[in-house]
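Participant: My structure is stored as protein14.cif, with mmCIF, C-alpha atoms.
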```cif
data_structure
loop_
_atom_site.label_atom_id
_atom_site.label_comp_id
_atom_site.auth_asym_id
_atom_site.auth_seq_id
_atom_site.Cartn_x
_atom_site.Cartn_y
_atom_site.Cartn_z
CA MET A 164 0.00 0.00 0.00
CA SER A 165 1.41 3.39 -1.02
CA THR A 166 2.60 5.85 1.59
CA ASP A 167 2.38 8.85 -0.76
CA ARG A 168 -1.13 9.45 0.58
CA ILE A 169 -2.30 8.05 3.90
CA VAL A 170 -5.84 8.48 5.18
CA VAL A 171 -6.44 7.51 8.81
CA THR A 172 -9.52 7.88 10.99
CA ALA A 173 -9.89 7.45 14.73
CA PRO A 174 -13.02 7.59 16.90
CA GLY A 175 -13.98 9.81 19.78
CA LYS A 176 -14.91 8.41 23.17
CA ILE A 177 -17.81 8.42 25.56
CA ILE A 178 -17.97 7.65 29.28
CA LEU A 179 -20.79 5.16 29.75
CA HIS A 180 -20.62 4.84 33.53
CA GLY A 181 -18.44 5.89 36.44
CA GLU A 182 -17.44 9.48 35.75
CA HIS A 183 -16.67 11.43 38.95
CA ALA A 184 -16.83 8.18 40.95
CA VAL A 185 -13.56 7.17 39.25
CA VAL A 186 -11.84 10.05 41.08
CA TYR A 187 -12.64 8.20 44.32
CA GLY A 188 -11.22 4.86 43.19
CA LYS A 189 -14.36 3.40 41.64
CA ALA A 190 -14.50 1.70 38.25
CA ALA A 191 -15.61 3.49 35.08
CA ILE A 192 -16.30 2.42 31.51
CA ALA A 193 -15.24 4.31 28.38
CA ALA A 194 -16.17 3.27 24.85
CA THR A 195 -15.65 4.44 21.30
CA LEU A 196 -18.08 6.92 19.85
CA ASP A 197 -18.58 6.68 16.10
CA LEU A 198 -17.82 10.30 15.42
CA ARG A 199 -14.38 10.24 13.88
CA CYS A 200 -11.35 12.38 13.19
CA LYS A 201 -10.07 12.01 9.63
CA LEU A 202 -6.43 12.81 8.97
CA THR A 203 -4.94 12.88 5.46
CA LEU A 204 -1.16 12.86 5.09
CA SER A 205 0.15 13.55 1.59
CA LYS A 206 3.72 13.47 0.36
CA SER A 207 4.72 16.72 -1.34
CA SER A 208 7.67 18.07 -3.30
CA ASP A 209 7.51 21.76 -2.43
CA GLY A 210 10.07 21.61 0.38
CA LEU A 211 7.42 22.33 3.01
CA VAL A 212 5.74 20.70 5.97
CA GLN A 213 2.14 21.89 6.11
CA LEU A 214 -0.34 21.41 8.95
CA ASP A 215 -4.02 22.32 8.54
CA LEU A 216 -6.44 21.78 11.43
CA PRO A 217 -9.43 23.87 10.30
CA ASP A 218 -11.64 22.90 13.26
CA ILE A 219 -9.30 24.76 15.59
CA SER A 220 -8.16 27.40 13.06
CA VAL A 221 -4.62 26.09 12.63
CA HIS A 222 -2.97 26.70 9.25
CA ASN A 223 0.83 26.45 9.43
CA LYS A 224 3.69 25.63 7.11
CA TRP A 225 7.44 25.48 7.57
CA PRO A 226 10.41 24.57 5.36
CA ALA A 227 11.28 20.93 6.13
CA GLN A 228 14.95 21.85 6.26
CA GLY A 229 14.07 24.70 8.62
CA ILE A 230 12.57 22.24 11.11
CA LYS A 231 15.64 20.02 10.85
CA ASP A 232 18.08 22.90 11.34
CA GLY A 233 16.02 24.70 13.96
CA LEU A 234 15.48 21.67 16.17
CA LYS A 235 18.70 19.71 15.60
CA GLN A 236 19.72 20.03 19.27
CA LEU A 237 16.28 19.09 20.53
CA GLN A 238 15.68 16.10 22.79
CA THR A 239 13.70 13.51 20.82
CA ALA A 240 11.24 10.88 21.98
CA GLY A 241 13.69 8.01 22.38
CA SER A 242 13.08 4.75 20.53
CA THR A 243 10.25 4.16 18.10
CA THR A 244 8.71 1.37 20.18
CA ASP A 245 9.22 3.03 23.56
CA PRO A 246 8.97 6.83 23.11
CA GLU A 247 9.63 9.34 25.86
CA PRO A 248 7.38 12.33 26.55
CA ALA A 249 8.55 15.84 25.77
CA SER A 250 10.27 17.52 28.69
CA GLU A 251 9.34 21.05 29.76
CA LYS A 252 12.64 22.24 28.31
CA THR A 253 11.88 20.58 24.97
CA ILE A 254 8.43 22.14 24.83
CA GLU A 255 9.94 25.55 25.55
CA GLU A 256 12.47 25.06 22.74
CA ILE A 257 9.67 24.19 20.29
CA LYS A 258 7.76 27.29 21.43
CA LYS A 259 10.82 29.40 20.65
CA PHE A 260 11.15 27.76 17.24
CA LEU A 261 7.49 28.50 16.49
CA GLY A 262 7.79 32.02 17.83
CA HIS A 263 4.67 31.66 19.96
CA ASN A 264 3.94 32.73 23.52
CA ILE A 265 1.79 29.76 24.49
CA ASP A 266 0.12 29.04 27.80
CA LYS A 267 -1.33 25.74 29.03
CA SER A 268 -4.85 26.61 27.83
CA ASP A 269 -3.83 27.42 24.26
CA ALA A 270 -5.20 24.24 22.66
CA PRO A 271 -4.53 25.05 18.98
CA ASN A 272 -0.87 25.87 19.50
CA LEU A 273 -0.37 22.93 21.84
CA ALA A 274 -1.66 20.70 19.01
CA VAL A 275 1.00 22.26 16.76
CA ILE A 276 3.69 21.55 19.37
CA ALA A 277 2.54 17.93 19.62
CA PHE A 278 2.79 17.60 15.84
CA ILE A 279 6.26 19.16 15.67
CA TYR A 280 7.55 17.00 18.53
CA ILE A 281 6.32 13.73 17.01
CA TYR A 282 7.40 14.67 13.48
CA ASN A 283 10.88 15.74 14.60
CA SER A 284 11.32 12.68 16.81
CA LEU A 285 10.37 10.18 14.10
CA PHE A 286 12.57 11.73 11.40
CA HIS A 287 15.41 13.03 13.58
CA GLY A 288 17.96 10.61 12.14
CA ASN A 289 17.10 11.31 8.51
CA GLU A 290 19.53 13.17 6.26
CA GLN A 291 16.55 15.11 4.93
CA TYR A 292 13.19 15.66 6.58
CA PRO A 293 10.22 14.62 4.44
CA CYS A 294 7.94 17.18 2.84
CA ILE A 295 4.35 16.44 3.77
CA SER A 296 0.93 18.01 3.99
CA VAL A 297 -1.33 17.06 6.91
CA LEU A 298 -5.04 17.87 6.93
CA MET A 299 -7.40 17.02 9.78
CA GLU A 300 -11.18 17.01 9.37
CA SER A 301 -13.23 15.98 12.38
CA GLU A 302 -16.83 15.12 13.21
CA ILE A 303 -16.02 15.29 16.93
CA PRO A 304 -16.94 18.60 18.60
CA VAL A 305 -13.98 20.28 20.26
CA GLY A 306 -14.05 20.84 24.01
CA ALA A 307 -17.14 18.68 24.61
CA GLY A 308 -15.41 15.89 26.53
CA LEU A 309 -15.64 13.44 23.62
CA GLY A 310 -11.94 12.80 23.06
CA SER A 311 -11.35 15.08 20.07
CA SER A 312 -7.70 15.72 20.94
CA ALA A 313 -7.03 12.02 21.51
CA ALA A 314 -8.57 11.11 18.14
CA PHE A 315 -6.26 13.69 16.55
CA SER A 316 -3.23 12.33 18.43
CA VAL A 317 -4.05 8.74 17.46
CA SER A 318 -4.63 9.62 13.79
CA LEU A 319 -1.44 11.70 13.70
CA ALA A 320 0.65 8.99 15.34
CA ALA A 321 -0.70 6.25 13.05
CA SER A 322 -0.18 8.25 9.85
CA LEU A 323 3.35 9.44 10.70
CA LEU A 324 4.41 5.99 11.90
CA GLU A 325 3.04 4.40 8.72
CA PHE A 326 4.68 7.06 6.53
CA SER A 327 8.03 6.56 8.26
CA GLY A 328 7.85 2.77 7.82
CA CYS A 329 7.83 2.08 11.57
CA ILE A 330 4.51 0.24 11.28
CA GLN A 331 2.71 -1.35 8.35
CA CYS A 332 -0.94 -2.19 7.72
CA GLU A 333 -1.46 -5.91 7.46
CA LYS A 334 -5.20 -6.48 7.82
CA THR A 335 -7.69 -5.43 5.17
CA ASN A 336 -11.46 -5.44 5.25
CA GLY A 337 -12.68 -3.98 1.99
CA SER A 338 -11.44 -0.40 1.83
CA ILE A 339 -10.36 -0.34 5.50
CA SER A 340 -7.03 -1.63 6.80
CA GLY A 341 -5.68 -2.14 10.28
CA TRP A 342 -2.53 -2.99 12.17
CA SER A 343 -1.31 -5.85 14.31
CA SER A 344 -1.81 -5.62 18.06
CA LYS A 345 1.93 -4.92 18.40
CA ASP A 346 1.74 -1.98 15.99
CA ARG A 347 -1.38 -0.66 17.73
CA ASP A 348 0.60 -0.65 20.96
CA VAL A 349 3.19 1.56 19.25
CA ILE A 350 0.47 3.88 17.89
CA ASN A 351 -1.04 4.17 21.36
CA LYS A 352 2.30 5.04 22.96
CA TRP A 353 2.95 7.85 20.49
CA ALA A 354 -0.63 9.10 20.77
CA PHE A 355 -0.17 9.29 24.54
CA ILE A 356 2.97 11.38 23.93
CA GLY A 357 0.83 13.83 21.95
CA GLU A 358 -1.85 13.87 24.66
CA LYS A 359 0.78 14.67 27.29
CA VAL A 360 1.93 17.68 25.31
CA MET A 361 -1.65 18.96 25.04
CA HIS A 362 -2.99 18.05 28.48
CA GLY A 363 -0.03 17.63 30.82
CA LYS A 364 -1.15 14.58 32.81
CA PRO A 365 -3.85 12.73 30.87
CA SER A 366 -5.11 9.36 32.12
CA GLY A 367 -4.37 7.56 28.85
CA ILE A 368 -7.98 6.43 28.60
CA ASP A 369 -9.00 8.57 25.63
CA ASN A 370 -6.11 7.58 23.37
CA SER A 371 -6.38 3.90 24.39
CA VAL A 372 -10.09 3.74 23.50
CA SER A 373 -9.47 5.55 20.22
CA THR A 374 -6.59 3.24 19.30
CA TYR A 375 -7.98 -0.16 20.22
CA GLY A 376 -11.71 0.42 19.84
CA GLY A 377 -14.51 -1.27 21.77
CA ALA A 378 -14.61 -0.37 25.44
CA LEU A 379 -12.27 -0.18 28.41
CA LYS A 380 -12.73 -0.43 32.14
CA PHE A 381 -10.44 1.79 34.16
CA GLN A 382 -9.89 1.93 37.89
CA LYS A 383 -7.06 3.32 40.01
CA GLY A 384 -4.84 3.83 36.97
CA LYS A 385 -5.37 0.33 35.58
CA ILE A 386 -6.88 -0.03 32.11
CA THR A 387 -8.60 -3.31 31.14
CA HIS A 388 -10.04 -4.06 27.71
CA ILE A 389 -13.64 -5.29 27.78
CA ASP A 390 -13.59 -8.37 25.57
CA LYS A 391 -17.35 -8.75 25.19
CA MET A 392 -18.60 -5.29 24.31
CA PRO A 393 -21.69 -5.15 22.09
CA THR A 394 -22.10 -2.31 19.63
CA LEU A 395 -24.87 -0.11 21.01
CA ASN A 396 -27.03 2.38 19.14
CA ALA A 397 -27.39 5.83 20.67
CA ILE A 398 -28.24 9.46 20.12
CA LEU A 399 -25.66 12.03 21.16
CA VAL A 400 -26.74 15.52 22.18
CA ASN A 401 -24.44 18.50 22.69
CA THR A 402 -25.99 21.21 24.88
CA LYS A 403 -23.28 23.62 23.67
CA VAL A 404 -22.93 24.74 27.29
CA PRO A 405 -19.21 25.09 28.11
CA ARG A 406 -17.98 23.47 31.30
CA SER A 407 -14.78 22.93 33.24
CA THR A 408 -13.94 19.40 34.38
CA LEU A 409 -11.71 20.77 37.14
CA THR A 410 -14.49 23.03 38.46
CA LEU A 411 -17.09 20.25 38.43
CA VAL A 412 -14.78 17.82 40.20
CA GLY A 413 -14.33 20.53 42.82
CA VAL A 414 -18.09 21.07 43.13
CA PHE A 415 -18.65 17.46 44.08
CA LYS A 416 -15.59 17.32 46.35
CA GLU A 417 -17.05 20.12 48.48
CA ARG A 418 -20.30 18.18 48.84
CA TYR A 419 -18.45 14.93 49.50
CA ASP A 420 -16.26 16.45 52.21
CA LYS A 421 -19.31 17.93 53.96
CA TYR A 422 -21.62 14.90 53.60
CA ARG A 423 -19.29 11.95 53.23
CA GLU A 424 -21.65 9.56 55.02
CA ILE A 425 -24.32 10.42 52.43
CA PHE A 426 -22.17 10.31 49.31
CA ASP A 427 -20.10 7.20 50.04
CA PRO A 428 -23.20 5.05 49.38
CA VAL A 429 -23.86 7.07 46.20
CA LEU A 430 -20.38 6.27 44.91
CA GLU A 431 -20.86 2.61 45.83
CA SER A 432 -24.15 2.62 43.92
CA ILE A 433 -22.48 4.08 40.83
CA GLU A 434 -19.83 1.38 40.94
CA ALA A 435 -22.56 -1.24 41.28
CA ILE A 436 -24.18 0.19 38.15
CA THR A 437 -20.84 -0.02 36.35
CA GLU A 438 -20.31 -3.67 37.32
CA ARG A 439 -23.91 -4.61 36.53
CA SER A 440 -23.56 -2.97 33.11
CA LEU A 441 -20.48 -5.06 32.36
CA ALA A 442 -22.51 -8.21 33.05
CA VAL A 443 -25.30 -6.98 30.76
CA PHE A 444 -22.80 -6.14 28.01
CA GLU A 445 -21.59 -9.74 28.09
CA LYS A 446 -25.16 -11.04 27.77
CA LEU A 447 -25.90 -8.70 24.87
CA TYR A 448 -22.68 -9.72 23.15
CA ASP A 449 -23.39 -13.46 23.44
CA ASN A 450 -27.18 -13.64 23.10
CA PRO A 451 -29.10 -10.34 23.06
CA LYS A 452 -32.59 -10.37 24.58
CA PRO A 453 -35.14 -7.53 25.01
CA ASP A 454 -34.98 -7.75 28.81
CA ASP A 455 -31.25 -7.04 28.70
CA TYR A 456 -31.81 -3.80 26.80
CA LEU A 457 -34.43 -2.84 29.37
CA THR A 458 -31.93 -3.43 32.17
CA LEU A 459 -29.33 -1.36 30.37
CA GLU A 460 -31.81 1.51 30.01
CA GLU A 461 -32.64 1.36 33.69
CA LEU A 462 -28.97 1.47 34.64
CA VAL A 463 -28.43 4.52 32.41
CA GLU A 464 -31.37 6.27 34.06
CA TYR A 465 -30.23 5.43 37.61
CA ASN A 466 -26.68 6.59 36.96
CA HIS A 467 -27.84 9.95 35.65
CA ARG A 468 -30.06 10.47 38.69
CA LEU A 469 -27.14 9.78 41.00
CA LEU A 470 -24.92 12.20 39.09
CA ALA A 471 -27.65 14.85 39.38
CA LEU A 472 -27.76 14.19 43.14
CA MET A 473 -24.01 14.78 43.20
CA GLY A 474 -24.58 18.24 41.73
CA VAL A 475 -22.91 17.76 38.34
CA SER A 476 -25.95 17.87 36.05
CA HIS A 477 -27.27 21.06 34.44
CA PRO A 478 -30.74 22.44 33.53
CA CYS A 479 -30.01 21.80 29.83
CA LEU A 480 -29.10 18.18 30.56
CA GLU A 481 -32.34 17.77 32.49
CA VAL A 482 -34.25 19.14 29.48
CA ILE A 483 -32.72 16.34 27.38
CA VAL A 484 -33.70 13.76 30.00
CA ASN A 485 -37.30 15.00 30.08
CA MET A 486 -37.68 15.25 26.32
CA ALA A 487 -36.25 11.75 25.78
CA ASN A 488 -38.60 10.39 28.44
CA LYS A 489 -41.55 11.50 26.29
CA TYR A 490 -40.47 8.81 23.82
CA ASN A 491 -39.62 6.28 26.55
CA LEU A 492 -35.88 6.71 25.93
CA LYS A 493 -33.31 6.91 28.73
CA THR A 494 -30.56 9.50 28.97
CA LYS A 495 -27.36 10.11 30.88
CA LEU A 496 -24.80 12.89 30.91
CA THR A 497 -21.36 11.80 29.80
CA GLY A 498 -18.08 13.19 31.09
CA ALA A 499 -17.82 16.01 33.60
CA GLY A 500 -21.44 17.18 33.27
CA GLY A 501 -22.39 20.78 34.01
CA GLY A 502 -23.40 21.14 30.36
CA GLY A 503 -21.45 19.40 27.62
CA CYS A 504 -23.02 16.25 26.22
CA ALA A 505 -25.52 13.53 27.02
CA PHE A 506 -26.27 10.25 25.30
CA ILE A 507 -29.65 8.63 24.78
CA LEU A 508 -29.71 4.85 24.54
CA VAL A 509 -31.70 3.63 21.51
CA PRO A 510 -33.06 0.06 21.80
CA PRO A 511 -33.46 -1.97 18.56
CA ASP A 512 -37.27 -1.56 18.49
CA THR A 513 -37.18 2.27 18.58
CA LYS A 514 -39.32 3.82 15.83
CA GLU A 515 -37.74 6.26 13.40
CA GLU A 516 -40.60 8.72 13.81
CA SER A 517 -39.81 8.95 17.52
CA ILE A 518 -36.21 9.88 16.72
CA ASN A 519 -37.33 12.47 14.16
CA SER A 520 -39.75 14.02 16.65
CA LEU A 521 -37.07 14.09 19.32
CA ARG A 522 -34.70 15.81 16.90
CA LYS A 523 -37.27 18.53 16.31
CA ASP A 524 -37.66 18.99 20.07
CA LEU A 525 -33.95 19.18 20.76
CA GLU A 526 -32.61 21.06 17.73
CA THR A 527 -35.50 23.37 16.86
CA GLU A 528 -36.86 24.18 20.30
CA CYS A 529 -33.66 24.00 22.34
CA GLN A 530 -30.96 24.76 19.76
CA PHE A 531 -28.95 21.73 20.85
CA LYS A 532 -26.88 19.68 18.40
CA MET A 533 -28.07 16.08 17.94
CA TRP A 534 -26.45 13.13 16.21
CA SER A 535 -28.63 10.05 15.68
CA GLY A 536 -27.57 6.57 14.55
CA ILE A 537 -24.38 6.79 16.60
CA SER A 538 -22.59 3.51 17.34
CA ILE A 539 -20.97 3.02 20.73
CA GLY A 540 -18.28 0.36 21.15
CA GLY A 541 -17.17 0.11 17.51
CA GLY A 542 -13.74 -0.09 15.92
CA GLY A 543 -10.66 1.94 16.74
CA VAL A 544 -8.08 3.62 14.51
CA ALA A 545 -8.10 2.49 10.88
CA ARG A 546 -6.43 3.27 7.58
CA HIS A 547 -8.62 3.87 4.53
CA LEU A 548 -7.85 3.25 0.86
#
```
Written as structure tokens, that's how I'd like the structure from this file.
Facilitator:
Amino acid sequence: MSTDRIVVTAPGKIILHGEHAVVYGKAAIAATLDLRCKLTLSKSSDGLVQLDLPDISVHNKWPAQGIKDGLKQLQTAGSTTDPEPASEKTIEEIKKFLGHNIDKSDAPNLAVIAFIYIYNSLFHGNEQYPCISVLMESEIPVGAGLGSSAAFSVSLAASLLEFSGCIQCEKTNGSISGWSSKDRDVINKWAFIGEKVMHGKPSGIDNSVSTYGGALKFQKGKITHIDKMPTLNAILVNTKVPRSTLTLVGVFKERYDKYREIFDPVLESIEAITERSLAVFEKLYDNPKPDDYLTLEELVEYNHRLLALMGVSHPCLEVIVNMANKYNLKTKLTGAGGGGCAFILVPPDTKEESINSLRKDLETECQFKMWSGISIGGGGVARHL
């Protein structure tokens, strides 16, 4: 397969159960969300390295030789199979090279730094740096807690590693190709390097879900792949209300510290929902039955109610819950809460007219953004012909 043009996509992520409780040592489940980041890497002959990320208004280009000369003394990411994160000194040197005064909240320029660091590290030993054009197009809303930066990091890592010859697609399913588990491990390591540049101390959950696909259980820093994860159908709704994860974690901590004897049982209940959901996933994977979908809906509803009790819901999220209830559909916030997004579970027998009516309620009346026909728990990063 030619490396002159590489097209890679990677999915976003959704937290199904356990957000906030995971901060207190409880288990949580993250799964792929079938909104994807598409990254196209093209070989060029104009002497330039070009990076276009239109969703975050990034349009940069540099002479390839200029990157090589300007960063020749820079610390690189170690070996291909075991890369090292960028040090603070290295990040400062890249900032100087770019000529930017960048703070920790400057997401677009941090994405540029992540690109430069990975590109320079992979081609550091080359006599000449390759001339390439990189274009990212994404369906994943930025800043909504759906793993947009991780999908970018995974797509970037996979395309640059493939272009450099460090990994090679070996599995093909029609027009979609994949990599061996060993190569996916390498992609995930480099994607995590990118995430560290952009977020400082990420958990590694977002990039792992986007790389491997399906769903993961995470608890106390340990990530476990869920082997029997069914693909679920859902509606995703973005309230467009901005929120801060750090602030919302702090909101609940204040309540927890004041009423620990009340909220310890709430956290235990959320973990019970998480564990019960894992058992239902296994049943749905092996032999789906209507009662299992009903149980899953009930667990989604109960988890949202507990999160609302914890103080991390929002009036807009409650509007989604109430509107979905009109059509007997169950809803839960996903991620930090306080706005952001919610998902609505869609059982197999749901009528299309109900979804169309719900769309009118949510988009026309409330001005929310709704995606229907969304798959949860699908495939991870892939290369496309």
Participant: Given the file above and the PyMOL selection byres ((chain A and resi 480-495) around 9), which residues are selected, and can you give them as a PyMOL selection string?
Facilitator: chain A and resi 179-180+400+402+460-461+463-468+470-471+476-479+496-497+500-510+513+517-518+520-521+524-525+529
Participant: Write a file of the just-selected residues containing C-alpha atoms, as an mmCIF file, in the coordinates of the input.
Facilitator:
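Listed below is the output, result-v5.cif:
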```
data_model
loop_
_atom_site.group_PDB
_atom_site.id
_atom_site.type_symbol
_atom_site.label_atom_id
_atom_site.label_comp_id
_atom_site.auth_asym_id
_atom_site.auth_seq_id
_atom_site.Cartn_x
_atom_site.Cartn_y
_atom_site.Cartn_z
ATOM 1 C CA LEU A 179 -20.790 5.160 29.750
ATOM 2 C CA HIS A 180 -20.620 4.840 33.530
ATOM 3 C CA VAL A 400 -26.740 15.520 22.180
ATOM 4 C CA THR A 402 -25.990 21.210 24.880
ATOM 5 C CA GLU A 460 -31.810 1.510 30.010
ATOM 6 C CA GLU A 461 -32.640 1.360 33.690
ATOM 7 C CA VAL A 463 -28.430 4.520 32.410
ATOM 8 C CA GLU A 464 -31.370 6.270 34.060
ATOM 9 C CA TYR A 465 -30.230 5.430 37.610
ATOM 10 C CA ASN A 466 -26.680 6.590 36.960
ATOM 11 C CA HIS A 467 -27.840 9.950 35.650
ATOM 12 C CA ARG A 468 -30.060 10.470 38.690
ATOM 13 C CA LEU A 470 -24.920 12.200 39.090
ATOM 14 C CA ALA A 471 -27.650 14.850 39.380
ATOM 15 C CA SER A 476 -25.950 17.870 36.050
ATOM 16 C CA HIS A 477 -27.270 21.060 34.440
ATOM 17 C CA PRO A 478 -30.740 22.440 33.530
ATOM 18 C CA CYS A 479 -30.010 21.800 29.830
ATOM 19 C CA LEU A 496 -24.800 12.890 30.910
ATOM 20 C CA THR A 497 -21.360 11.800 29.800
ATOM 21 C CA GLY A 500 -21.440 17.180 33.270
ATOM 22 C CA GLY A 501 -22.390 20.780 34.010
ATOM 23 C CA GLY A 502 -23.400 21.140 30.360
ATOM 24 C CA GLY A 503 -21.450 19.400 27.620
ATOM 25 C CA CYS A 504 -23.020 16.250 26.220
ATOM 26 C CA ALA A 505 -25.520 13.530 27.020
ATOM 27 C CA PHE A 506 -26.270 10.250 25.300
ATOM 28 C CA ILE A 507 -29.650 8.630 24.780
ATOM 29 C CA LEU A 508 -29.710 4.850 24.540
ATOM 30 C CA VAL A 509 -31.700 3.630 21.510
ATOM 31 C CA PRO A 510 -33.060 0.060 21.800
ATOM 32 C CA THR A 513 -37.180 2.270 18.580
ATOM 33 C CA SER A 517 -39.810 8.950 17.520
ATOM 34 C CA ILE A 518 -36.210 9.880 16.720
ATOM 35 C CA SER A 520 -39.750 14.020 16.650
ATOM 36 C CA LEU A 521 -37.070 14.090 19.320
ATOM 37 C CA ASP A 524 -37.660 18.990 20.070
ATOM 38 C CA LEU A 525 -33.950 19.180 20.760
ATOM 39 C CA CYS A 529 -33.660 24.000 22.340
#
```
Participant: One number please: CA of Tyr282 in chain A to CA of Glu302 in chain A, in Å, one decimal.
Facilitator: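 We find that CA of Tyr282 in chain A and CA of Glu302 in chain A lie 24.2 Å from each other.
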Participant: Can you measure CA of Asn396 in chain A to CA of Ser432 in chain A for me? One decimal in Å is fine.
Facilitator: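 Between CA of Asn396 in chain A and CA of Ser432 in chain A the gap is 24.9 Å.
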Participant: Hey, which of A:Leu472, A:Lys252, A:His547, A:Phe278 ends up closest to Val429 in chain A? Count only C-alpha atoms.
Facilitator: A:Leu472
Participant: Between CA of Thr374 in chain A and CA of Ser207 in chain A, measure the distance and give it in Å to one decimal.
Facilitator: 27.1 Å
Participant: On this file, the PyMOL selection byres ((chain A and resi 256) around 12) gives some set of residues; write that set as a ChimeraX atom specification.
Facilitator: /A:230,233-239,249-255,257-265,276,279-280
Participant: Kindly provide the residues of range 335-381 of chain A that approach range 182-200 of chain A to within 7 Å, each paired with its closest atom pair and their distance in Å to one decimal, based on all atoms listed in the file, listed by chain and increasing number, as JSON lines.
Facilitator:
```
{"residue": "A:Val372", "atom": "CA", "partner": "A:Thr195", "partner_atom": "CA", "distance": 6.0}
{"residue": "A:Ser373", "atom": "CA", "partner": "A:Thr195", "partner_atom": "CA", "distance": 6.4}
{"residue": "A:Gly376", "atom": "CA", "partner": "A:Thr195", "partner_atom": "CA", "distance": 5.8}
{"residue": "A:Gly377", "atom": "CA", "partner": "A:Ala194", "partner_atom": "CA", "distance": 5.7}
{"residue": "A:Ala378", "atom": "CA", "partner": "A:Ala194", "partner_atom": "CA", "distance": 4.0}
{"residue": "A:Leu379", "atom": "CA", "partner": "A:Ala193", "partner_atom": "CA", "distance": 5.4}
{"residue": "A:Lys380", "atom": "CA", "partner": "A:Ile192", "partner_atom": "CA", "distance": 4.6}
{"residue": "A:Phe381", "atom": "CA", "partner": "A:Ala191", "partner_atom": "CA", "distance": 5.5}
```
Participant: For Ala307 in chain A, which residue out of A:Gly210, A:Val475, A:Ile169, A:Lys403 is the nearest one, using only C-alpha atoms?
Facilitator: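 Selected residue with least distance to Ala307 in chain A: A:Lys403.
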Participant: In terms of the shortest atom-to-atom distance over all atoms listed in the file, which of A:Asp245, A:Glu528, A:Glu445, A:Asp215 is closest to Asp348 in chain A?
Facilitator: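 Between A:Asp245, A:Glu528, A:Glu445, A:Asp215, the residue approaching Asp348 in chain A most closely is A:Asp245.
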Participant: Give me the residues near Phe315 in chain A as a CSV table (one decimal) with C-alpha atoms, in the frame of the given file, where near means some atom within 10 Å (using all atoms listed in the file) and where sequence neighbours in that chain fewer than 5 positions away do not count.
Facilitator:
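The result, stored in part.csv:
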```csv
chain,number,residue,atom,x,y,z
A,171,VAL,CA,-6.4,7.5,8.8
A,172,THR,CA,-9.5,7.9,11.0
A,173,ALA,CA,-9.9,7.4,14.7
A,174,PRO,CA,-13.0,7.6,16.9
A,175,GLY,CA,-14.0,9.8,19.8
A,199,ARG,CA,-14.4,10.2,13.9
A,200,CYS,CA,-11.4,12.4,13.2
A,201,LYS,CA,-10.1,12.0,9.6
A,202,LEU,CA,-6.4,12.8,9.0
A,216,LEU,CA,-6.4,21.8,11.4
A,274,ALA,CA,-1.7,20.7,19.0
A,278,PHE,CA,2.8,17.6,15.8
A,299,MET,CA,-7.4,17.0,9.8
A,300,GLU,CA,-11.2,17.0,9.4
A,301,SER,CA,-13.2,16.0,12.4
A,303,ILE,CA,-16.0,15.3,16.9
A,310,GLY,CA,-11.9,12.8,23.1
A,320,ALA,CA,0.6,9.0,15.3
A,321,ALA,CA,-0.7,6.2,13.0
A,354,ALA,CA,-0.6,9.1,20.8
A,357,GLY,CA,0.8,13.8,22.0
A,358,GLU,CA,-1.8,13.9,24.7
A,370,ASN,CA,-6.1,7.6,23.4
A,373,SER,CA,-9.5,5.6,20.2
```
Participant: Closest to Glu247 in chain A among A:Phe355, A:Tyr375, A:Trp342, A:Tyr456, using all atoms listed in the file?
Facilitator: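 So, comparing all the options, the nearest one is A:Phe355.
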Participant: Starting from the shown file, work through the PyMOL selection byres ((chain A and resi 532) around 7) and note down what comes out as a PyMOL selection string.
Facilitator: chain A and resi 400-402+526+530-531+533-534
